[in-house]
file upload-v7.cif (mmCIF, C-alpha atoms)
data_data
loop_
_atom_site.label_atom_id
_atom_site.label_comp_id
_atom_site.auth_asym_id
_atom_site.auth_seq_id
_atom_site.Cartn_x
_atom_site.Cartn_y
_atom_site.Cartn_z
CA MET H 1481 -6.17 -2.01 -20.24
CA THR H 1482 -8.82 -0.61 -17.94
CA GLU H 1483 -11.02 -3.24 -16.38
CA THR H 1484 -14.76 -2.74 -16.11
CA TYR H 1485 -15.62 -2.91 -12.44
CA PRO H 1486 -19.02 -4.31 -11.51
CA SER H 1487 -19.74 -1.29 -9.29
CA GLN H 1488 -19.01 2.39 -9.75
CA HIS H 1489 -18.36 2.70 -6.02
CA LEU H 1490 -15.69 0.03 -6.29
CA GLU H 1491 -14.32 1.73 -9.40
CA ARG H 1492 -14.09 5.10 -7.65
CA ALA H 1493 -12.46 3.60 -4.54
CA VAL H 1494 -9.86 1.79 -6.68
CA ALA H 1495 -9.20 4.99 -8.64
CA GLU H 1496 -8.63 7.04 -5.48
CA ILE H 1497 -6.57 4.42 -3.64
CA SER H 1498 -4.33 3.85 -6.67
CA LYS H 1499 -3.41 7.57 -6.65
CA LEU H 1500 -1.29 6.83 -3.58
CA PRO H 1501 2.43 6.39 -4.33
CA GLY H 1502 3.55 2.81 -4.91
CA ILE H 1503 -0.01 1.46 -5.10
CA GLY H 1504 -1.15 0.17 -8.47
CA ARG H 1505 -4.68 -0.79 -9.54
CA LYS H 1506 -4.26 -4.46 -8.55
CA THR H 1507 -3.17 -3.56 -5.02
CA ALA H 1508 -5.87 -0.88 -4.81
CA LEU H 1509 -8.49 -3.49 -5.73
CA ARG H 1510 -7.12 -5.86 -3.10
CA LEU H 1511 -7.30 -3.12 -0.45
CA ALA H 1512 -10.83 -2.13 -1.51
CA LEU H 1513 -12.02 -5.75 -1.33
CA HIS H 1514 -10.36 -6.05 2.08
CA LEU H 1515 -12.30 -3.00 3.31
CA LEU H 1516 -15.52 -4.54 1.99
CA ARG H 1517 -14.90 -7.65 4.07
CA GLN H 1518 -14.20 -5.70 7.28
CA ASP H 1519 -16.67 -4.16 9.67
CA VAL H 1520 -18.23 -0.87 8.49
CA SER H 1521 -16.58 0.92 11.42
CA GLN H 1522 -13.09 0.19 10.10
CA ALA H 1523 -13.71 1.89 6.75
CA HIS H 1524 -15.27 4.86 8.54
CA ALA H 1525 -12.36 5.10 10.99
CA LEU H 1526 -9.88 5.04 8.11
CA ALA H 1527 -11.80 7.72 6.18
CA SER H 1528 -12.18 10.04 9.16
CA ALA H 1529 -8.51 9.63 10.12
CA ILE H 1530 -7.52 10.68 6.60
CA VAL H 1531 -9.80 13.73 6.70
CA ALA H 1532 -8.61 14.73 10.18
CA LEU H 1533 -4.99 14.31 9.12
CA ARG H 1534 -5.38 16.63 6.17
CA ASP H 1535 -7.67 19.17 7.85
CA GLU H 1536 -6.29 19.36 11.39
CA VAL H 1537 -2.55 18.80 11.17
CA ARG H 1538 -0.50 21.96 11.52
CA TYR H 1539 3.18 22.69 11.14
CA CYS H 1540 5.46 23.99 13.88
CA SER H 1541 6.15 27.67 13.16
CA VAL H 1542 9.76 27.21 14.32
CA CYS H 1543 11.03 23.91 12.88
CA HIS H 1544 8.20 23.14 10.38
CA ASN H 1545 7.71 19.66 11.76
CA VAL H 1546 4.18 18.26 11.76
CA SER H 1547 2.47 19.34 14.97
CA ASP H 1548 -0.93 19.69 16.64
CA SER H 1549 -0.11 23.18 17.92
CA ASP H 1550 1.73 26.30 16.76
CA THR H 1551 4.99 25.16 18.37
CA CYS H 1552 5.80 21.45 18.34
CA ASP H 1553 6.57 19.45 21.49
CA ILE H 1554 10.28 19.28 20.66
CA CYS H 1555 10.71 23.04 20.10
CA ALA H 1556 8.62 23.75 23.22
CA ASN H 1557 10.67 21.39 25.40
CA PRO H 1558 13.03 23.51 27.58
CA ARG H 1559 15.23 20.46 28.28
CA ARG H 1560 16.27 20.16 24.64
CA ASP H 1561 19.57 21.75 23.61
CA SER H 1562 18.54 24.82 21.60
CA SER H 1563 22.11 25.50 20.42
CA THR H 1564 22.08 22.50 18.06
CA LEU H 1565 19.90 22.13 14.95
CA CYS H 1566 19.47 18.92 13.00
CA VAL H 1567 18.39 19.53 9.41
CA VAL H 1568 16.15 16.74 8.04
CA GLU H 1569 14.17 16.23 4.87
CA ASN H 1570 10.79 15.48 6.47
CA VAL H 1571 8.91 14.09 9.47
CA SER H 1572 10.38 10.62 8.86
CA GLY H 1573 13.83 12.13 9.39
CA VAL H 1574 12.77 13.53 12.76
CA LEU H 1575 11.31 10.16 13.77
CA SER H 1576 14.46 8.29 12.65
CA VAL H 1577 16.85 10.57 14.55
CA GLU H 1578 14.60 10.59 17.63
CA ALA H 1579 14.48 6.79 17.56
CA THR H 1580 18.27 6.63 18.03
CA GLY H 1581 17.96 8.31 21.42
CA GLN H 1582 21.33 9.98 20.66
CA TYR H 1583 20.14 13.51 19.95
CA ARG H 1584 18.89 16.15 22.38
CA GLY H 1585 18.92 19.23 20.14
CA LEU H 1586 16.23 20.79 17.98
CA TYR H 1587 15.26 20.13 14.34
CA HIS H 1588 14.67 21.99 11.12
CA VAL H 1589 12.40 20.21 8.64
CA LEU H 1590 13.09 21.24 5.03
CA GLY H 1591 9.97 19.66 3.55
CA GLY H 1592 11.91 17.97 0.74
CA LEU H 1593 15.25 18.00 -1.05
CA ILE H 1594 16.48 20.16 -3.92
CA SER H 1595 15.71 18.20 -7.08
CA PRO H 1596 15.77 20.10 -10.39
CA MET H 1597 14.43 16.96 -12.14
CA ASP H 1598 11.25 17.15 -10.03
CA GLY H 1599 11.07 20.92 -10.24
CA VAL H 1600 11.97 21.40 -6.56
CA GLY H 1601 14.22 24.43 -6.03
CA PRO H 1602 15.63 26.01 -2.84
CA SER H 1603 12.67 28.42 -2.60
CA ASP H 1604 10.25 25.47 -2.36
CA LEU H 1605 11.93 24.32 0.84
CA GLN H 1606 12.25 25.79 4.34
CA ILE H 1607 15.77 27.07 3.67
CA ALA H 1608 15.19 30.81 4.14
CA SER H 1609 13.71 30.17 7.58
CA LEU H 1610 16.72 28.02 8.49
CA VAL H 1611 19.09 30.83 7.51
CA GLU H 1612 16.96 33.18 9.66
CA ARG H 1613 17.18 30.85 12.66
CA VAL H 1614 20.96 30.71 12.33
CA ALA H 1615 21.25 34.46 11.70
CA ALA H 1616 19.24 35.15 14.87
CA GLY H 1617 22.18 33.72 16.84
CA GLY H 1618 22.40 31.24 19.72
CA ILE H 1619 23.06 28.27 17.42
CA ARG H 1620 26.43 26.58 17.75
CA GLU H 1621 26.08 23.63 15.39
CA VAL H 1622 23.94 22.63 12.40
CA ILE H 1623 23.92 18.87 11.69
CA PHE H 1624 22.85 17.75 8.23
CA ALA H 1625 20.97 14.45 8.53
CA LEU H 1626 19.92 14.10 4.89
CA SER H 1627 19.78 10.97 2.74
CA PRO H 1628 23.20 9.99 1.32
CA THR H 1629 21.90 10.49 -2.22
CA MET H 1630 22.67 13.00 -4.94
CA GLU H 1631 19.69 15.15 -3.88
CA GLY H 1632 20.62 14.93 -0.20
CA ASP H 1633 24.24 15.82 -0.90
CA SER H 1634 23.45 18.77 -3.15
CA THR H 1635 20.84 20.12 -0.75
CA GLY H 1636 23.36 19.91 2.09
CA PHE H 1637 26.02 21.57 -0.07
CA TYR H 1638 23.68 24.38 -1.12
CA ILE H 1639 22.59 25.11 2.46
CA SER H 1640 26.15 24.93 3.82
CA ARG H 1641 27.14 27.68 1.35
CA ARG H 1642 24.18 29.82 2.47
CA LEU H 1643 25.32 29.38 6.08
CA ALA H 1644 29.04 29.88 5.42
CA GLU H 1645 29.05 33.51 6.56
CA TYR H 1646 27.79 32.67 10.04
CA ASP H 1647 29.99 31.50 12.91
CA VAL H 1648 28.39 28.09 13.25
CA LEU H 1649 29.77 24.56 13.06
CA LEU H 1650 28.37 22.60 10.07
CA THR H 1651 28.49 18.82 10.36
CA THR H 1652 27.02 15.90 8.47
CA LEU H 1653 26.28 12.26 9.34
CA ALA H 1654 29.33 9.98 9.34
CA ARG H 1655 29.53 7.78 6.24
CA GLY H 1656 30.73 4.24 6.74
CA VAL H 1657 29.79 0.61 6.87
CA SER H 1658 26.38 -0.08 8.45
CA VAL H 1659 26.29 -1.82 11.81
CA GLY H 1660 25.58 -5.52 11.20
CA ASP H 1661 26.30 -5.36 7.46
CA ASP H 1662 28.24 -8.16 5.82
CA LEU H 1663 31.35 -6.57 4.27
CA GLU H 1664 30.97 -8.86 1.25
CA TYR H 1665 27.75 -7.07 0.32
CA THR H 1666 28.81 -3.51 1.11
CA ASP H 1667 28.97 -1.41 -2.07
CA GLU H 1668 32.36 -0.03 -3.19
CA ALA H 1669 31.41 3.63 -2.72
CA THR H 1670 30.51 3.07 0.93
CA LEU H 1671 33.52 0.84 1.61
CA GLY H 1672 35.83 3.31 -0.15
CA ARG H 1673 34.56 6.17 2.01
CA ALA H 1674 34.83 4.02 5.14
CA ILE H 1675 38.50 3.26 4.36
CA ALA H 1676 39.30 6.88 3.58
CA ALA H 1677 37.63 7.97 6.83
CA ARG H 1678 39.07 5.13 8.94
CA VAL H 1679 39.29 5.80 12.68
CA SER H 1680 41.95 4.86 15.20
CA MET H 1681 41.12 1.84 17.35
CA LYS H 1682 42.72 3.09 20.54
CA MET Y 928 9.19 -0.23 19.11
CA THR Y 929 6.38 2.28 18.75
CA GLU Y 930 7.53 5.67 17.57
CA THR Y 931 6.17 8.84 19.15
CA TYR Y 932 4.56 10.81 16.37
CA PRO Y 933 4.64 14.60 16.63
CA SER Y 934 0.89 14.81 16.01
CA GLN Y 935 -1.97 12.65 17.24
CA HIS Y 936 -3.73 13.16 13.89
CA LEU Y 937 -0.69 11.73 12.12
CA GLU Y 938 -0.52 8.93 14.68
CA ARG Y 939 -4.17 8.01 14.15
CA ALA Y 940 -3.86 8.13 10.35
CA VAL Y 941 -0.78 5.87 10.45
CA ALA Y 942 -2.58 3.48 12.82
CA GLU Y 943 -5.62 3.21 10.55
CA ILE Y 944 -3.70 2.98 7.26
CA SER Y 945 -1.40 0.28 8.67
CA LYS Y 946 -4.43 -1.90 9.42
CA LEU Y 947 -4.68 -2.51 5.66
CA PRO Y 948 -3.16 -5.83 4.55
CA GLY Y 949 0.47 -5.64 3.44
CA ILE Y 950 0.95 -2.09 4.71
CA GLY Y 951 3.29 -1.67 7.66
CA ARG Y 952 3.84 1.41 9.80
CA LYS Y 953 6.70 2.73 7.63
CA THR Y 954 4.61 2.55 4.46
CA ALA Y 955 1.60 3.99 6.30
CA LEU Y 956 3.70 6.96 7.40
CA ARG Y 957 4.94 7.46 3.84
CA LEU Y 958 1.34 7.42 2.54
CA ALA Y 959 0.18 9.82 5.28
CA LEU Y 960 3.00 12.26 4.52
CA HIS Y 961 2.12 12.01 0.82
CA LEU Y 962 -1.49 12.93 1.58
CA LEU Y 963 -0.26 15.91 3.62
CA ARG Y 964 1.67 17.18 0.62
CA GLN Y 965 -1.27 16.83 -1.78
CA ASP Y 966 -4.20 19.16 -2.24
CA VAL Y 967 -6.90 18.92 0.47
CA SER Y 968 -9.40 17.74 -2.16
CA GLN Y 969 -7.42 14.54 -2.79
CA ALA Y 970 -7.58 13.40 0.84
CA HIS Y 971 -11.29 14.23 0.93
CA ALA Y 972 -11.95 12.35 -2.33
CA LEU Y 973 -10.10 9.30 -1.00
CA ALA Y 974 -12.00 9.37 2.30
CA SER Y 975 -15.43 9.78 0.69
CA ALA Y 976 -14.69 7.03 -1.86
CA ILE Y 977 -13.85 4.66 1.01
CA VAL Y 978 -17.04 5.55 2.88
CA ALA Y 979 -19.19 5.23 -0.26
CA LEU Y 980 -17.57 1.88 -1.08
CA ARG Y 981 -18.39 0.42 2.32
CA ASP Y 982 -21.84 2.01 2.69
CA GLU Y 983 -23.24 1.84 -0.84
CA VAL Y 984 -21.86 -1.31 -2.45
CA ARG Y 985 -24.32 -4.17 -2.64
CA TYR Y 986 -24.00 -7.78 -3.69
CA CYS Y 987 -25.83 -9.42 -6.57
CA SER Y 988 -28.56 -11.64 -5.10
CA VAL Y 989 -27.89 -14.26 -7.79
CA CYS Y 990 -24.11 -14.57 -8.17
CA HIS Y 991 -22.96 -12.57 -5.07
CA ASN Y 992 -20.64 -10.41 -7.13
CA VAL Y 993 -20.19 -6.79 -6.03
CA SER Y 994 -22.92 -4.73 -7.66
CA ASP Y 995 -24.69 -1.36 -7.49
CA SER Y 996 -28.11 -2.99 -7.81
CA ASP Y 997 -29.91 -6.13 -6.65
CA THR Y 998 -28.93 -8.06 -9.80
CA CYS Y 999 -25.50 -7.38 -11.29
CA ASP Y 1000 -24.97 -6.34 -14.93
CA ILE Y 1001 -23.65 -9.77 -15.88
CA CYS Y 1002 -26.57 -11.74 -14.41
CA ALA Y 1003 -29.02 -9.21 -15.92
CA ASN Y 1004 -27.49 -9.46 -19.40
CA PRO Y 1005 -29.76 -11.63 -21.60
CA ARG Y 1006 -26.92 -12.18 -24.08
CA ARG Y 1007 -24.84 -14.11 -21.55
CA ASP Y 1008 -25.04 -17.91 -21.62
CA SER Y 1009 -27.08 -18.78 -18.53
CA SER Y 1010 -26.36 -22.51 -18.87
CA THR Y 1011 -22.72 -22.09 -17.79
CA LEU Y 1012 -21.51 -21.01 -14.35
CA CYS Y 1013 -17.94 -20.03 -13.54
CA VAL Y 1014 -17.14 -20.43 -9.82
CA VAL Y 1015 -14.60 -17.86 -8.59
CA GLU Y 1016 -13.19 -16.92 -5.20
CA ASN Y 1017 -14.00 -13.19 -5.31
CA VAL Y 1018 -14.51 -10.09 -7.47
CA SER Y 1019 -10.90 -10.27 -8.67
CA GLY Y 1020 -11.68 -13.68 -10.15
CA VAL Y 1021 -14.61 -12.24 -12.11
CA LEU Y 1022 -12.44 -9.38 -13.39
CA SER Y 1023 -9.62 -11.77 -14.39
CA VAL Y 1024 -11.92 -14.13 -16.31
CA GLU Y 1025 -13.79 -11.22 -17.93
CA ALA Y 1026 -10.46 -9.71 -19.02
CA THR Y 1027 -9.71 -12.83 -21.12
CA GLY Y 1028 -12.73 -12.12 -23.33
CA GLN Y 1029 -13.12 -15.93 -23.60
CA TYR Y 1030 -16.12 -16.43 -21.39
CA ARG Y 1031 -19.77 -15.59 -22.06
CA GLY Y 1032 -21.46 -17.45 -19.21
CA LEU Y 1033 -22.47 -16.36 -15.71
CA TYR Y 1034 -20.52 -16.39 -12.44
CA HIS Y 1035 -20.86 -17.57 -8.89
CA VAL Y 1036 -18.69 -15.70 -6.36
CA LEU Y 1037 -17.87 -17.82 -3.29
CA GLY Y 1038 -16.55 -14.97 -1.18
CA GLY Y 1039 -13.42 -16.89 -0.18
CA LEU Y 1040 -11.92 -20.38 -0.11
CA ILE Y 1041 -12.28 -23.16 2.45
CA SER Y 1042 -9.37 -22.72 4.83
CA PRO Y 1043 -9.57 -24.50 8.21
CA MET Y 1044 -6.37 -22.70 9.30
CA ASP Y 1045 -8.15 -19.34 8.95
CA GLY Y 1046 -11.40 -20.68 10.38
CA VAL Y 1047 -13.21 -20.50 7.03
CA GLY Y 1048 -15.58 -23.44 6.56
CA PRO Y 1049 -18.05 -24.27 3.75
CA SER Y 1050 -20.90 -22.51 5.58
CA ASP Y 1051 -18.97 -19.21 5.52
CA LEU Y 1052 -18.99 -19.27 1.71
CA GLN Y 1053 -21.73 -19.01 -0.91
CA ILE Y 1054 -21.78 -22.76 -1.48
CA ALA Y 1055 -25.37 -23.53 -0.44
CA SER Y 1056 -26.67 -20.92 -2.91
CA LEU Y 1057 -24.51 -22.46 -5.65
CA VAL Y 1058 -26.03 -25.88 -4.99
CA GLU Y 1059 -29.48 -24.25 -5.12
CA ARG Y 1060 -28.72 -22.62 -8.49
CA VAL Y 1061 -27.61 -25.98 -9.90
CA ALA Y 1062 -30.54 -27.84 -8.31
CA ALA Y 1063 -32.97 -25.36 -9.89
CA GLY Y 1064 -31.93 -26.76 -13.29
CA GLY Y 1065 -30.98 -25.13 -16.59
CA ILE Y 1066 -27.26 -25.31 -15.88
CA ARG Y 1067 -25.20 -27.51 -18.13
CA GLU Y 1068 -21.65 -26.83 -16.92
CA VAL Y 1069 -19.93 -25.51 -13.80
CA ILE Y 1070 -16.36 -24.31 -14.36
CA PHE Y 1071 -14.09 -24.03 -11.33
CA ALA Y 1072 -11.76 -21.05 -11.80
CA LEU Y 1073 -10.10 -21.14 -8.39
CA SER Y 1074 -6.46 -20.50 -7.50
CA PRO Y 1075 -4.24 -23.56 -8.10
CA THR Y 1076 -3.40 -23.72 -4.39
CA MET Y 1077 -4.23 -26.18 -1.64
CA GLU Y 1078 -7.22 -24.05 -0.54
CA GLY Y 1079 -8.44 -23.64 -4.13
CA ASP Y 1080 -8.11 -27.36 -4.84
CA SER Y 1081 -9.87 -28.48 -1.68
CA THR Y 1082 -12.67 -25.95 -2.14
CA GLY Y 1083 -13.19 -27.21 -5.70
CA PHE Y 1084 -13.11 -30.82 -4.52
CA TYR Y 1085 -15.61 -30.15 -1.74
CA ILE Y 1086 -18.05 -28.36 -4.05
CA SER Y 1087 -17.70 -30.98 -6.78
CA ARG Y 1088 -18.81 -33.64 -4.28
CA ARG Y 1089 -21.79 -31.51 -3.25
CA LEU Y 1090 -22.76 -31.23 -6.94
CA ALA Y 1091 -22.10 -34.88 -7.84
CA GLU Y 1092 -25.77 -35.88 -7.67
CA TYR Y 1093 -26.82 -33.37 -10.33
CA ASP Y 1094 -26.58 -33.97 -14.07
CA VAL Y 1095 -24.09 -31.18 -14.73
CA LEU Y 1096 -20.63 -31.12 -16.27
CA LEU Y 1097 -17.93 -30.11 -13.77
CA THR Y 1098 -14.72 -28.70 -15.24
CA THR Y 1099 -11.67 -26.90 -13.94
CA LEU Y 1100 -9.05 -24.63 -15.49
CA ALA Y 1101 -6.38 -26.40 -17.53
CA ARG Y 1102 -3.06 -26.71 -15.70
CA GLY Y 1103 0.07 -26.28 -17.76
CA VAL Y 1104 2.97 -24.03 -18.61
CA SER Y 1105 2.14 -20.32 -18.67
CA VAL Y 1106 2.14 -18.53 -22.01
CA GLY Y 1107 5.47 -16.73 -22.37
CA ASP Y 1108 7.13 -18.60 -19.49
CA ASP Y 1109 10.71 -19.75 -19.83
CA LEU Y 1110 10.70 -23.54 -19.37
CA GLU Y 1111 13.93 -23.28 -17.38
CA TYR Y 1112 12.06 -21.41 -14.64
CA THR Y 1113 8.85 -23.45 -14.63
CA ASP Y 1114 8.46 -25.35 -11.36
CA GLU Y 1115 8.49 -29.18 -11.44
CA ALA Y 1116 4.90 -29.59 -10.28
CA THR Y 1117 3.59 -27.45 -13.14
CA LEU Y 1118 5.89 -29.03 -15.73
CA GLY Y 1119 5.02 -32.53 -14.49
CA ARG Y 1120 1.31 -31.83 -14.86
CA ALA Y 1121 1.86 -30.28 -18.29
CA ILE Y 1122 3.67 -33.44 -19.47
CA ALA Y 1123 1.00 -35.74 -18.02
CA ALA Y 1124 -1.73 -33.68 -19.71
CA ARG Y 1125 0.16 -33.22 -22.99
CA VAL Y 1126 -2.01 -32.48 -26.03
CA SER Y 1127 -1.73 -33.67 -29.63
CA MET Y 1128 -0.20 -31.16 -32.03
CA LYS Y 1129 -2.37 -32.03 -35.00
#
call {"tool": "encode", "arguments": {"input": "upload-v7.cif", "output": "structure tokens"}}
result
Amino acid sequence: MTETYPSQHLERAVAEISKLPGIGRKTALRLALHLLRQDVSQAHALASAIVALRDEVRYCSVCHNVSDSDTCDICANPRRDSSTLCVVENVSGVLSVEATGQYRGLYHVLGGLISPMDGVGPSDLQIASLVERVAAGGIREVIFALSPTMEGDSTGFYISRRLAEYDVLLTTLARGVSVGDDLEYTDEATLGRAIAARVSMK
Amino acid sequence: MTETYPSQHLERAVAEISKLPGIGRKTALRLALHLLRQDVSQAHALASAIVALRDEVRYCSVCHNVSDSDTCDICANPRRDSSTLCVVENVSGVLSVEATGQYRGLYHVLGGLISPMDGVGPSDLQIASLVERVAAGGIREVIFALSPTMEGDSTGFYISRRLAEYDVLLTTLARGVSVGDDLEYTDEATLGRAIAARVSMK
């Protein structure tokens, strides 16, 4: 049922906000009413940040990460190890790996995962440019840091076949029990993999 | 830990979006990346809807509901019963009561609930104007449709005392078991009230 809003401005705001993923009409109304209660400047700051995001953000011409310039800060950093590439789905992947503080190489942002159900094929992703980077030489290892899901696995598998002809090490994230997880609540698939891939303690 | 975003535009968008209630930085990033993937027009439509909402929306001078004009459509409707007022917390309350199709009277939107913890006192709400409407005469019944919470109850109690001197019927929503609820999962307070307020079946 569509409710009749007492104002067309409210109606339009709810309609636009509820287009965002995971936000229904009830939440959109709550957010709109929140904005109405705040200072005018907050709504304006939010709106201009959204416009600037969409109009000004660029993508690194090398790794396709979000960037404010043609080459992103990571690709332009001479202290990063340019012989290692970490393949991630999107910007969140870059942020997650960076947050570990364990990685000093470069990235390659695919812009999604292969998902026939959603109509996303290899040509919709930055796979050709990854193959080009590897073919250009100088890369020793490609690390796949994709989600441990069906889409992540098949995307990794597809790309690894495309890269098979090059002399480059292909690795993927270790699968195992999460740090801090209670074993009682670890799912069988994860526990099974962790047993199969058990490591020596000395 | 604050993450270093690869773009200041992305950083600013995440900062502004995460100011919204119930939206953390992870969700804000997800929403920002979604907007980046969509057509430019969608981000612009969202931004202009937010600006229009905050700049153009007005409040009904009678009931304080959100409105596009000085008097809202409900207050201006001669077919509504002007002898009955329904007191609600905010616009959502009006929408919820309207959605029932059971109410033909007018509204009075408080703009919040009394909550000393949040620094909201009676003078921050549209209580004085409610007393004025009742004092002006012509109103037979005031229905309190506030949330069945501590804040809702105390706000209703406070207002009912302010209105005690006027010859007007004060009522509140019936408390009882929800339609469709499984009795096994109904909390004791609700079930206790429903037993105490049991109604004859014939």
call {"tool": "resolve_selection", "arguments": {"input": "upload-v7.cif", "expression": "the PyMOL selection byres ((chain H) within 8 of (chain Y))", "output": "compact mmCIF listing (two decimals) with C-alpha atoms, in the coordinates of the input"}}
result
# COMPACT_ATOMS: atom_id res chain seq x y z
CA GLU H 1483 -11.02 -3.24 -16.38
CA THR H 1484 -14.76 -2.74 -16.11
CA TYR H 1485 -15.62 -2.91 -12.44
CA PRO H 1486 -19.02 -4.31 -11.51
CA SER H 1487 -19.74 -1.29 -9.29
CA GLN H 1488 -19.01 2.39 -9.75
CA HIS H 1489 -18.36 2.70 -6.02
CA LEU H 1490 -15.69 0.03 -6.29
CA ARG H 1492 -14.09 5.10 -7.65
CA ALA H 1493 -12.46 3.60 -4.54
CA GLU H 1496 -8.63 7.04 -5.48
CA ILE H 1497 -6.57 4.42 -3.64
CA LEU H 1500 -1.29 6.83 -3.58
CA PRO H 1501 2.43 6.39 -4.33
CA LEU H 1509 -8.49 -3.49 -5.73
CA LEU H 1511 -7.30 -3.12 -0.45
CA ALA H 1512 -10.83 -2.13 -1.51
CA LEU H 1513 -12.02 -5.75 -1.33
CA HIS H 1514 -10.36 -6.05 2.08
CA LEU H 1515 -12.30 -3.00 3.31
CA LEU H 1516 -15.52 -4.54 1.99
CA VAL H 1520 -18.23 -0.87 8.49
CA ALA H 1523 -13.71 1.89 6.75
CA HIS H 1524 -15.27 4.86 8.54
CA ALA H 1525 -12.36 5.10 10.99
CA LEU H 1526 -9.88 5.04 8.11
CA ALA H 1527 -11.80 7.72 6.18
CA SER H 1528 -12.18 10.04 9.16
CA ALA H 1529 -8.51 9.63 10.12
CA ILE H 1530 -7.52 10.68 6.60
CA VAL H 1531 -9.80 13.73 6.70
CA ALA H 1532 -8.61 14.73 10.18
CA LEU H 1533 -4.99 14.31 9.12
CA ARG H 1534 -5.38 16.63 6.17
CA ASP H 1535 -7.67 19.17 7.85
CA GLU H 1536 -6.29 19.36 11.39
CA VAL H 1537 -2.55 18.80 11.17
CA ASN H 1545 7.71 19.66 11.76
CA VAL H 1546 4.18 18.26 11.76
CA SER H 1547 2.47 19.34 14.97
CA ASP H 1548 -0.93 19.69 16.64
CA CYS H 1552 5.80 21.45 18.34
CA ASP H 1553 6.57 19.45 21.49
CA VAL H 1571 8.91 14.09 9.47
CA SER H 1572 10.38 10.62 8.86
CA LEU H 1575 11.31 10.16 13.77
CA ALA H 1579 14.48 6.79 17.56
call {"tool": "resolve_selection", "arguments": {"input": "upload-v7.cif", "expression": "the PyMOL selection byres ((chain Y and resi 1118-1125) around 9)", "output": "PyMOL selection string"}}
result
chain Y and resi 1101-1104+1110+1113-1117+1126-1127
call {"tool": "residues_around", "arguments": {"input": "upload-v7.cif", "residues": "region 1077-1086 of chain Y", "least_positions_apart": "3", "cutoff": "7 Å", "atoms": "all atoms listed in the file", "output": "ChimeraX atom specification"}}
result
/Y:1040-1042,1071,1073-1074,1089-1090
call {"tool": "atom_distance", "arguments": {"input": "upload-v7.cif", "atom1": "CA of Glu1645 (chain H)", "atom2": "CA of Ala1615 (chain H)"}}
result
9.4 Å
call {"tool": "atom_distance", "arguments": {"input": "upload-v7.cif", "atom1": "CA of Met1597 (chain H)", "atom2": "CA of Leu1653 (chain H)"}}
result
25.0 Å
call {"tool": "closest_residue", "arguments": {"input": "upload-v7.cif", "among": "H:Pro1602, H:Thr1652, H:Gly1581, H:Leu1590", "to": "Pro1628 (chain H)", "atoms": "only C-alpha atoms"}}
result
H:Thr1652
call {"tool": "atom_distance", "arguments": {"input": "upload-v7.cif", "atom1": "CA of Ala1091 (chain Y)", "atom2": "CA of Gln1029 (chain Y)"}}
result
26.2 Å
call {"tool": "closest_residue", "arguments": {"input": "upload-v7.cif", "among": "H:Val1542, H:Val1567, H:Val1589, H:Val1577", "to": "Ser1640 (chain H)", "atoms": "all atoms listed in the file"}}
result
H:Val1567
call {"tool": "resolve_selection", "arguments": {"input": "upload-v7.cif", "expression": "the PyMOL selection byres ((chain Y and resi 1065) around 10)", "output": "JSON, numbers by chain"}}
result
{"Y": [1009, 1010, 1011, 1060, 1061, 1062, 1063, 1064, 1066, 1067, 1068, 1095]}
call {"tool": "closest_residue", "arguments": {"input": "upload-v7.cif", "among": "Y:Asp1094, Y:Glu1016, Y:Asp1109, Y:Asp997", "to": "Ala1072 (chain Y)", "atoms": "only C-alpha atoms"}}
result
Y:Glu1016
call {"tool": "build_atoms", "arguments": {"input": "upload-v7.cif", "residues": "region 1641-1649 of chain H", "atoms": "N, CA and C atoms", "output": "PDB file, keeping the file's coordinate frame"}}
result
ATOM      1  N   ARG H1641      26.602  26.438   1.933  1.00  0.00           N
ATOM      2  CA  ARG H1641      27.140  27.680   1.350  1.00  0.00           C
ATOM      3  C   ARG H1641      26.348  28.892   1.841  1.00  0.00           C
ATOM      4  N   ARG H1642      25.015  28.720   1.975  1.00  0.00           N
ATOM      5  CA  ARG H1642      24.180  29.820   2.470  1.00  0.00           C
ATOM      6  C   ARG H1642      24.517  30.171   3.915  1.00  0.00           C
ATOM      7  N   LEU H1643      25.047  29.160   4.661  1.00  0.00           N
ATOM      8  CA  LEU H1643      25.320  29.380   6.080  1.00  0.00           C
ATOM      9  C   LEU H1643      26.792  29.712   6.347  1.00  0.00           C
ATOM     10  N   ALA H1644      27.598  29.742   5.257  1.00  0.00           N
ATOM     11  CA  ALA H1644      29.040  29.880   5.420  1.00  0.00           C
ATOM     12  C   ALA H1644      29.439  31.163   6.151  1.00  0.00           C
ATOM     13  N   GLU H1645      28.664  32.227   5.960  1.00  0.00           N
ATOM     14  CA  GLU H1645      29.050  33.510   6.560  1.00  0.00           C
ATOM     15  C   GLU H1645      28.812  33.590   8.064  1.00  0.00           C
ATOM     16  N   TYR H1646      28.077  32.620   8.608  1.00  0.00           N
ATOM     17  CA  TYR H1646      27.790  32.670  10.040  1.00  0.00           C
ATOM     18  C   TYR H1646      28.786  31.826  10.814  1.00  0.00           C
ATOM     19  N   ASP H1647      29.031  32.217  12.069  1.00  0.00           N
ATOM     20  CA  ASP H1647      29.990  31.500  12.910  1.00  0.00           C
ATOM     21  C   ASP H1647      29.296  30.306  13.549  1.00  0.00           C
ATOM     22  N   VAL H1648      29.110  29.262  12.765  1.00  0.00           N
ATOM     23  CA  VAL H1648      28.390  28.090  13.250  1.00  0.00           C
ATOM     24  C   VAL H1648      29.065  26.843  12.679  1.00  0.00           C
ATOM     25  N   LEU H1649      29.146  25.804  13.502  1.00  0.00           N
ATOM     26  CA  LEU H1649      29.770  24.560  13.060  1.00  0.00           C
ATOM     27  C   LEU H1649      28.791  23.799  12.169  1.00  0.00           C
TER      28      LEU H1649
END
